[in-house]
Amino acid sequence: MLIAGTAACSYACVGWVRSMAQRKSILDIPNARSSHSNPTPRGGGLAIFIVTCGGLLLSQILYATWPVWTFAGFLVGAMIIASVGWIDDVHGLPCSMRFLAHCFVALVVVETIGVWNVVEVPLVGQVTLGWSGYLLTFL
């Protein structure tokens, strides 16, 4: 039931974003680097954001799967990335602005969700990452 509901929400959200992008002429016009040959609606990430955050919010309400601080950090980070992506789709943003936004969100994740400290390596076992865990989590 949950899978069917998620699929239906995804389908509806993608349709909504697609029709909105077409009405407002938010289109990706093909160029030499494009993999498509016809103008394609932009902003599909907005549908992914809506469905993912909606599902996580519902899961958090029903099951309290994450501590509130962790959930808030993830949600704030997702909102920043979705907003920057939408603004870039509609108006275009310099790479430096997108890069700074992603770096900021990576720092939010490191602070609220935590650092990747240990990895399991086949045939070796657990490997402690030490300070490099901060760098890997950030990346």
# chains A, B, ... in the order shown; residues from 1 in each chain; ligands from 1
call {"tool": "select_by_dssp", "arguments": {"residues": "chain A", "states": "strand (DSSP E)", "output": "list in words"}}
result
Leu27, Asp28, Thr40, Pro41, Val118, Val119, Glu120, Val121, Gly125, Gln126, Val127 and Thr128 of chain A
call {"tool": "closest_residue", "arguments": {"among": "A:Leu107, A:Ala4, A:Leu123, A:Ile113", "to": "Leu135 in chain A", "atoms": "only C-alpha atoms"}}
result
A:Leu107
call {"tool": "closest_atom_pairs", "arguments": {"of": "range 75-130 of chain A", "to": "range 10-29 of chain A", "cutoff": "12 Å", "atoms": "only C-alpha atoms", "output": "JSON lines"}}
result
{"residue": "A:Trp86", "atom": "CA", "partner": "A:Ile26", "partner_atom": "CA", "distance": 10.3}
{"residue": "A:Ile87", "atom": "CA", "partner": "A:Ile26", "partner_atom": "CA", "distance": 11.0}
{"residue": "A:Asp88", "atom": "CA", "partner": "A:Ile26", "partner_atom": "CA", "distance": 10.8}
{"residue": "A:Asp89", "atom": "CA", "partner": "A:Ile26", "partner_atom": "CA", "distance": 7.3}
{"residue": "A:Val90", "atom": "CA", "partner": "A:Ile26", "partner_atom": "CA", "distance": 6.2}
{"residue": "A:His91", "atom": "CA", "partner": "A:Ile26", "partner_atom": "CA", "distance": 9.1}
{"residue": "A:Gly92", "atom": "CA", "partner": "A:Ile26", "partner_atom": "CA", "distance": 11.0}
call {"tool": "atom_distance", "arguments": {"atom1": "CA of Phe74 in chain A", "atom2": "CA of Gly133 in chain A"}}
result
18.9 Å
call {"tool": "residues_around", "arguments": {"residues": "range 62-70 of chain A", "least_positions_apart": "3", "cutoff": "9 Å", "atoms": "only C-alpha atoms", "output": "MDAnalysis selection string"}}
result
chainID A and resid 57:59 73:75 109 111:114
call {"tool": "closest_residue", "arguments": {"among": "A:Leu46, A:Val105, A:Leu56, A:Val51", "to": "Ser83 in chain A", "atoms": "only C-alpha atoms"}}
result
A:Leu46
call {"tool": "select_by_dssp", "arguments": {"residues": "chain A", "states": "alpha helix (DSSP H)", "output": "VMD selection string"}}
result
chain A and resid 2 to 23 44 to 63 68 to 90 95 to 112 132 to 138
